[in-house]
Amino acid sequence: RTLFREMFDGFALHEIVLDEMGIPADYRFLAVNPAFERMTGLKSVDIIGRTVLTVMPDLEHHWIETYGRVALTGEPIVFDSFSGPLDKYFEVTAFRPAAGRFACIFSDITARRRAEEALRHSEERYRMFIEAAPEAAFVQSEGLFVYLNQAMVRLLGADKPEQLIGREFMEHMAPEYREAIRERIRIQHETGKTAPLMEQEYLLLDGTRVPVETTAVAIQYQGRPAHLVFVRDITERRRADEEREKLQSQLYQSQKLESIGRLAGGVAHDFNNMLGVILGHAELLLSSFDRDHPCYQDLEEIHLAAQRSADLTSQLLAFARKQTVTPRVLDLNATVESMLKMLKRLIGEDIELVWQPGSGHCTVRIDPGQIDQILANLCINARDAISGVGKITIAVSGIMPGQTHLTLPPEIPPGEYAVLSVCDTGSGMDQETLSNLFEPFFTTKEKGKGTGLGMATVYGIVRQNNGFIDVQSLSGSGTTIKIHLPVHASSSAQTSVKAAVEIQPATGSETLLLVEDEPMALNLLVRILKGQGYNVLAASTPGAAISLAREHQGSIQLLVTDVIMPEMNGRDLAKNLLALYPVIRRLFMSGYTAEYIAHHGVLDEGVHFIQKPFTPNSLAAKVREVLDRKL
């Protein structure tokens, strides 16, 4: 009785009321304890001896049916149920203490059920939010996927969540990140703090890797500790970052090229003047001695060293795209074919040279000397890559717009290109060599056997002519380098043919106005030109040249002038002299002229130029060529 009175759970003893068919129709209160009164608000004095339908007419009939089965069968039951009239949830245990009777022990679980229901509604709303979110998310508990939204299912390459639920989520983390992820989970368990953003890679169902950015928060999921992980696919961002790095690299390369160009240009003028003096005097002396003279060999060495120095400067200018060039429309097939004998001598007898001329449109507009430089550099590199016997194949072909498998560089317009390729059976290149191939002064050759400017020169020439280069090479499998040059729509192609023997300089008797600010160079040029029979008016400054022109009685057929001088440059000097001698021909000379007389390094039609340093014979031949050309 004390237990009945003091227990926290409600207790009630009832008697079942049957109808005339023996079916439970009602039940009567026989006894209730104080806890029952507190839970239900019903007082024992008001309900003892009365039936439940009298006390609560709106009571759901399932209560009577449920308790009737207990009273009639004697089988106890335990269940949760909601009482509408009382607006409460109860956890009920019902049993039969005697025939026709049943007793109930029940607890008020309204607060708990409503909290659970609120939580369920909250979870449903949250699930709807997560499910509809464009960002991928999943929940892992005890190392297993227990929930994935549709975005996450798609990200991992699945069709439905069931393909992943119950699987170890770590299987879909790239192996190199797993230890770091385990450490993040451990720290989260200890601190409860949200995990910071982390870049990693996930593995799709087919094994493909995808870069992602993740963050995680510790939660309770279905009563168990879990982690909600948000996942963002950063493939596009990575691609954009790579593209930005590529553009930055291109900018760096461009800036470096420009710096080298400024350096080369600054050095070229004075350096080439000195080289011209050395070459000129060496050649004059060589022509004065017989080959068996004791000094002849020494003079040849001086001449050779000066020529190599001149070639080095020329290569620097070519790489920096600062060469002044005189492009012509060329048949690429014929131009290459004219070089084959020279190239065969260059590569030696042990290496087979195969020539494959192309068909179709192979006409390009380029300085023929640049084709020489390209092929010489590529063939020398191919020769050096071949150990012993091997083969070098030179081929020309044409590609129409859309035919190339290459992705054109962004600065290269789509169009029709002629392709000059050089393929060798040499040692090939590894990835590191390929990545530095066009770097100036980068070489894999032994010290003293290469300047590292060969491929840099090729790169500068090709880019100056609006072309691009494709390199295919594997270590041990040879190399193929393809030069793509824009096709020029012209039928008047010329062929660059090297003379079999050195052309003897032509002489003349015309009057020349020579302007050169370097005294040693001026004296040498006067000596060379007077030696060819010309009447030479020499000046060391533009002002002196104008004064000579005004004072001279008679005509002046040709102005030979340096480009970079004090007072005014050669182009402005020529303009001034045209007012005095409207039909005067002009020959410019310099080691670096693109900024002053050329547009982007290309001479206009009718403008004549000779690159310093030059030999006496080449100067005499150029002067004769300009004088003989029709105005």
# chains A, B, ... in the order shown; residues from 1 in each chain; ligands from 1
call {"tool": "residues_around", "arguments": {"residues": "Arg96 (chain A)", "least_positions_apart": "3", "cutoff": "6 Å", "atoms": "only C-alpha atoms", "output": "ChimeraX atom specification"}}
result
/A:71,74,101-102
call {"tool": "residues_around", "arguments": {"residues": "region 138-149 of chain A", "least_positions_apart": "6", "cutoff": "8 Å", "atoms": "only C-alpha atoms", "output": "list in words"}}
result
Ile130, Glu131, Ala132, Pro161, Leu164, Ile165, Gly166, Arg167, Glu168, Phe169, Met170, Tyr221, Arg224, Pro225, Ala226, His227, Leu228, Val229 and Phe230 of chain A
call {"tool": "closest_residue", "arguments": {"among": "A:Ala180, A:Phe90, A:Gln373, A:Gln163", "to": "Arg114 (chain A)", "atoms": "only C-alpha atoms"}}
result
A:Phe90
call {"tool": "closest_residue", "arguments": {"among": "A:His61, A:His293, A:Arg184, A:His281", "to": "Ala306 (chain A)", "atoms": "only C-alpha atoms"}}
result
A:His281
call {"tool": "residues_around", "arguments": {"residues": "region 340-354 of chain A", "least_positions_apart": "4", "cutoff": "8 Å", "atoms": "only C-alpha atoms", "output": "list in words"}}
result
Val336, Ala376, Cys379, Ile380, Arg383, Gly388, Val389, Gly390, Lys391, Ile392, Thr393 and Ile394 of chain A
call {"tool": "write_last_selection", "arguments": {"atoms": "all heavy atoms", "output": "PDB file, in the first residue's frame"}}
result
ATOM      1  N   VAL A 336      64.782  24.761 -98.352  1.00  0.00           N
ATOM      2  CA  VAL A 336      65.415  23.688 -97.579  1.00  0.00           C
ATOM      3  C   VAL A 336      66.305  22.846 -98.487  1.00  0.00           C
ATOM      4  O   VAL A 336      67.428  22.477 -98.124  1.00  0.00           O
ATOM      5  CB  VAL A 336      64.343  22.816 -96.894  1.00  0.00           C
ATOM      6  CG1 VAL A 336      64.988  21.610 -96.217  1.00  0.00           C
ATOM      7  CG2 VAL A 336      63.561  23.636 -95.877  1.00  0.00           C
ATOM      8  N   ALA A 376      70.192  24.887 -89.195  1.00  0.00           N
ATOM      9  CA  ALA A 376      71.538  24.621 -88.683  1.00  0.00           C
ATOM     10  C   ALA A 376      71.489  24.254 -87.208  1.00  0.00           C
ATOM     11  O   ALA A 376      72.099  23.271 -86.773  1.00  0.00           O
ATOM     12  CB  ALA A 376      72.438  25.835 -88.914  1.00  0.00           C
ATOM     13  N   CYS A 379      69.684  20.766 -86.722  1.00  0.00           N
ATOM     14  CA  CYS A 379      70.484  19.630 -87.205  1.00  0.00           C
ATOM     15  C   CYS A 379      71.715  19.401 -86.333  1.00  0.00           C
ATOM     16  O   CYS A 379      72.123  18.255 -86.110  1.00  0.00           O
ATOM     17  CB  CYS A 379      70.883  19.852 -88.660  1.00  0.00           C
ATOM     18  SG  CYS A 379      69.509  19.639 -89.820  1.00  0.00           S
ATOM     19  N   ILE A 380      72.332  20.467 -85.843  1.00  0.00           N
ATOM     20  CA  ILE A 380      73.478  20.302 -84.938  1.00  0.00           C
ATOM     21  C   ILE A 380      73.034  19.600 -83.653  1.00  0.00           C
ATOM     22  O   ILE A 380      73.696  18.678 -83.160  1.00  0.00           O
ATOM     23  CB  ILE A 380      74.120  21.670 -84.629  1.00  0.00           C
ATOM     24  CG1 ILE A 380      74.871  22.178 -85.856  1.00  0.00           C
ATOM     25  CG2 ILE A 380      75.063  21.573 -83.437  1.00  0.00           C
ATOM     26  CD1 ILE A 380      75.370  23.600 -85.729  1.00  0.00           C
ATOM     27  N   ARG A 383      72.364  15.994 -84.472  1.00  0.00           N
ATOM     28  CA  ARG A 383      73.633  15.281 -84.638  1.00  0.00           C
ATOM     29  C   ARG A 383      74.255  14.941 -83.285  1.00  0.00           C
ATOM     30  O   ARG A 383      74.710  13.807 -83.055  1.00  0.00           O
ATOM     31  CB  ARG A 383      74.606  16.166 -85.445  1.00  0.00           C
ATOM     32  CG  ARG A 383      75.998  15.565 -85.648  1.00  0.00           C
ATOM     33  CD  ARG A 383      76.992  16.645 -85.989  1.00  0.00           C
ATOM     34  NE  ARG A 383      77.191  17.578 -84.874  1.00  0.00           N
ATOM     35  CZ  ARG A 383      77.862  18.722 -84.974  1.00  0.00           C
ATOM     36  NH1 ARG A 383      78.351  19.109 -86.145  1.00  0.00           N
ATOM     37  NH2 ARG A 383      78.011  19.502 -83.907  1.00  0.00           N
ATOM     38  N   GLY A 388      76.981   7.633 -82.627  1.00  0.00           N
ATOM     39  CA  GLY A 388      77.360   6.732 -83.716  1.00  0.00           C
ATOM     40  C   GLY A 388      76.482   6.938 -84.935  1.00  0.00           C
ATOM     41  O   GLY A 388      76.218   8.044 -85.379  1.00  0.00           O
ATOM     42  N   VAL A 389      76.017   5.803 -85.480  1.00  0.00           N
ATOM     43  CA  VAL A 389      75.205   5.838 -86.693  1.00  0.00           C
ATOM     44  C   VAL A 389      73.763   6.192 -86.348  1.00  0.00           C
ATOM     45  O   VAL A 389      73.230   5.740 -85.337  1.00  0.00           O
ATOM     46  CB  VAL A 389      75.260   4.479 -87.422  1.00  0.00           C
ATOM     47  CG1 VAL A 389      74.371   4.485 -88.660  1.00  0.00           C
ATOM     48  CG2 VAL A 389      76.702   4.144 -87.801  1.00  0.00           C
ATOM     49  N   GLY A 390      73.131   6.987 -87.200  1.00  0.00           N
ATOM     50  CA  GLY A 390      71.735   7.355 -86.960  1.00  0.00           C
ATOM     51  C   GLY A 390      71.128   8.024 -88.181  1.00  0.00           C
ATOM     52  O   GLY A 390      71.710   8.028 -89.272  1.00  0.00           O
ATOM     53  N   LYS A 391      69.969   8.609 -87.990  1.00  0.00           N
ATOM     54  CA  LYS A 391      69.256   9.216 -89.115  1.00  0.00           C
ATOM     55  C   LYS A 391      68.577  10.506 -88.666  1.00  0.00           C
ATOM     56  O   LYS A 391      67.993  10.574 -87.568  1.00  0.00           O
ATOM     57  CB  LYS A 391      68.212   8.238 -89.668  1.00  0.00           C
ATOM     58  CG  LYS A 391      67.448   8.781 -90.876  1.00  0.00           C
ATOM     59  CD  LYS A 391      66.618   7.687 -91.551  1.00  0.00           C
ATOM     60  CE  LYS A 391      65.437   7.270 -90.717  1.00  0.00           C
ATOM     61  NZ  LYS A 391      64.550   6.322 -91.434  1.00  0.00           N
ATOM     62  N   ILE A 392      68.676  11.511 -89.531  1.00  0.00           N
ATOM     63  CA  ILE A 392      67.948  12.777 -89.326  1.00  0.00           C
ATOM     64  C   ILE A 392      67.031  12.964 -90.527  1.00  0.00           C
ATOM     65  O   ILE A 392      67.481  12.892 -91.672  1.00  0.00           O
ATOM     66  CB  ILE A 392      68.911  13.973 -89.202  1.00  0.00           C
ATOM     67  CG1 ILE A 392      69.822  13.808 -87.982  1.00  0.00           C
ATOM     68  CG2 ILE A 392      68.125  15.280 -89.117  1.00  0.00           C
ATOM     69  CD1 ILE A 392      70.892  14.885 -87.870  1.00  0.00           C
ATOM     70  N   THR A 393      65.754  13.176 -90.240  1.00  0.00           N
ATOM     71  CA  THR A 393      64.769  13.365 -91.307  1.00  0.00           C
ATOM     72  C   THR A 393      64.267  14.803 -91.279  1.00  0.00           C
ATOM     73  O   THR A 393      63.770  15.271 -90.247  1.00  0.00           O
ATOM     74  CB  THR A 393      63.585  12.397 -91.149  1.00  0.00           C
ATOM     75  OG1 THR A 393      64.081  11.057 -91.147  1.00  0.00           O
ATOM     76  CG2 THR A 393      62.588  12.572 -92.281  1.00  0.00           C
ATOM     77  N   ILE A 394      64.417  15.480 -92.419  1.00  0.00           N
ATOM     78  CA  ILE A 394      63.872  16.833 -92.564  1.00  0.00           C
ATOM     79  C   ILE A 394      62.667  16.738 -93.486  1.00  0.00           C
ATOM     80  O   ILE A 394      62.755  16.158 -94.576  1.00  0.00           O
ATOM     81  CB  ILE A 394      64.916  17.795 -93.152  1.00  0.00           C
ATOM     82  CG1 ILE A 394      66.154  17.859 -92.257  1.00  0.00           C
ATOM     83  CG2 ILE A 394      64.321  19.192 -93.325  1.00  0.00           C
ATOM     84  CD1 ILE A 394      67.283  18.692 -92.836  1.00  0.00           C
TER      85      ILE A 394
END
call {"tool": "residues_around", "arguments": {"residues": "Leu548 (chain A)", "least_positions_apart": "4", "cutoff": "8 Å", "atoms": "only C-alpha atoms", "output": "short mmCIF file (atom, residue, chain, number, x, y, z; two decimals) with N, CA and C atoms, in the first residue's frame"}}
result
data_model
loop_
_atom_site.label_atom_id
_atom_site.label_comp_id
_atom_site.auth_asym_id
_atom_site.auth_seq_id
_atom_site.Cartn_x
_atom_site.Cartn_y
_atom_site.Cartn_z
N LEU A 537 82.95 60.39 -99.06
CA LEU A 537 82.87 61.55 -98.16
C LEU A 537 82.59 61.01 -96.77
N ALA A 539 82.16 61.19 -92.57
CA ALA A 539 81.77 62.06 -91.45
C ALA A 539 81.56 61.20 -90.21
N ALA A 544 78.10 66.79 -89.17
CA ALA A 544 79.20 66.90 -90.13
C ALA A 544 78.79 66.35 -91.48
N HIS A 552 79.22 69.82 -100.89
CA HIS A 552 79.71 69.00 -102.00
C HIS A 552 79.17 69.50 -103.35
#
call {"tool": "closest_residue", "arguments": {"among": "A:Ile610, A:Met339, A:Leu580, A:Leu627", "to": "Ser509 (chain A)", "atoms": "only C-alpha atoms"}}
result
A:Leu627
call {"tool": "atom_distance", "arguments": {"atom1": "CA of Ser590 (chain A)", "atom2": "CA of Leu512 (chain A)"}}
result
17.5 Å
call {"tool": "select_by_dssp", "arguments": {"residues": "region 465-553 of chain A", "states": "helix (DSSP H, G or I)", "output": "ChimeraX atom specification"}}
result
/A:519-531,542-551
call {"tool": "select_by_dssp", "arguments": {"residues": "region 120-179 of chain A", "states": "strand (DSSP E or B)", "output": "compact mmCIF listing (two decimals) with N, CA, C and O atoms, in the first residue's frame"}}
result
# COMPACT_ATOMS: atom_id res chain seq x y z
N ALA A 136 28.13 19.48 -52.06
CA ALA A 136 28.11 18.08 -51.64
C ALA A 136 28.32 17.98 -50.13
O ALA A 136 29.07 18.77 -49.55
N ALA A 137 27.65 17.01 -49.50
CA ALA A 137 27.79 16.80 -48.06
C ALA A 137 27.51 15.33 -47.75
O ALA A 137 26.74 14.67 -48.44
N PHE A 138 28.17 14.85 -46.69
CA PHE A 138 27.89 13.49 -46.22
C PHE A 138 28.10 13.43 -44.71
O PHE A 138 28.74 14.32 -44.11
N VAL A 139 27.54 12.41 -44.11
CA VAL A 139 27.73 12.16 -42.68
C VAL A 139 28.44 10.82 -42.55
O VAL A 139 28.03 9.83 -43.15
N GLN A 140 29.51 10.82 -41.76
CA GLN A 140 30.19 9.57 -41.47
C GLN A 140 30.13 9.33 -39.96
O GLN A 140 30.30 10.24 -39.16
N SER A 141 29.86 8.10 -39.60
CA SER A 141 29.83 7.70 -38.20
C SER A 141 30.54 6.37 -38.07
O SER A 141 30.28 5.44 -38.85
N LEU A 144 31.97 4.98 -41.31
CA LEU A 144 31.12 4.54 -42.41
C LEU A 144 30.27 5.69 -42.92
O LEU A 144 29.89 6.59 -42.15
N PHE A 145 29.95 5.65 -44.22
CA PHE A 145 28.96 6.58 -44.75
C PHE A 145 27.59 6.22 -44.18
O PHE A 145 27.15 5.08 -44.30
N VAL A 146 26.92 7.16 -43.52
CA VAL A 146 25.56 6.91 -43.04
C VAL A 146 24.55 7.82 -43.73
O VAL A 146 23.35 7.60 -43.63
N TYR A 147 25.06 8.85 -44.41
CA TYR A 147 24.16 9.72 -45.16
C TYR A 147 24.99 10.44 -46.22
O TYR A 147 26.13 10.87 -45.98
N LEU A 148 24.42 10.61 -47.42
CA LEU A 148 25.03 11.40 -48.50
C LEU A 148 23.92 12.13 -49.23
O LEU A 148 22.88 11.54 -49.54
N GLU A 168 33.08 2.12 -45.99
CA GLU A 168 34.07 2.92 -45.28
C GLU A 168 34.38 4.17 -46.11
O GLU A 168 34.81 4.06 -47.26
N MET A 173 39.04 8.41 -49.94
CA MET A 173 40.03 9.45 -49.75
C MET A 173 41.33 8.99 -50.43
O MET A 173 41.70 7.81 -50.32
call {"tool": "atom_distance", "arguments": {"atom1": "CA of Cys423 (chain A)", "atom2": "CA of Val329 (chain A)"}}
result
25.3 Å
call {"tool": "atom_distance", "arguments": {"atom1": "CA of Ile371 (chain A)", "atom2": "CA of Gly428 (chain A)"}}
result
23.3 Å
call {"tool": "residues_around", "arguments": {"residues": "Phe106 (chain A)", "least_positions_apart": "5", "cutoff": "12 Å", "atoms": "only C-alpha atoms", "output": "list in words"}}
result
Met7, Phe8, Asp9, Gly10, Phe11, Ala12, Leu13, Val32, Asn33, Ala35, Phe36, Glu37, Met39, Thr40, Ile77, Val78, Phe79, Asp80, Ser81, Phe82, Lys88, Tyr89, Phe90, Glu91, Val92, Thr93, Ala94 and Phe95 of chain A
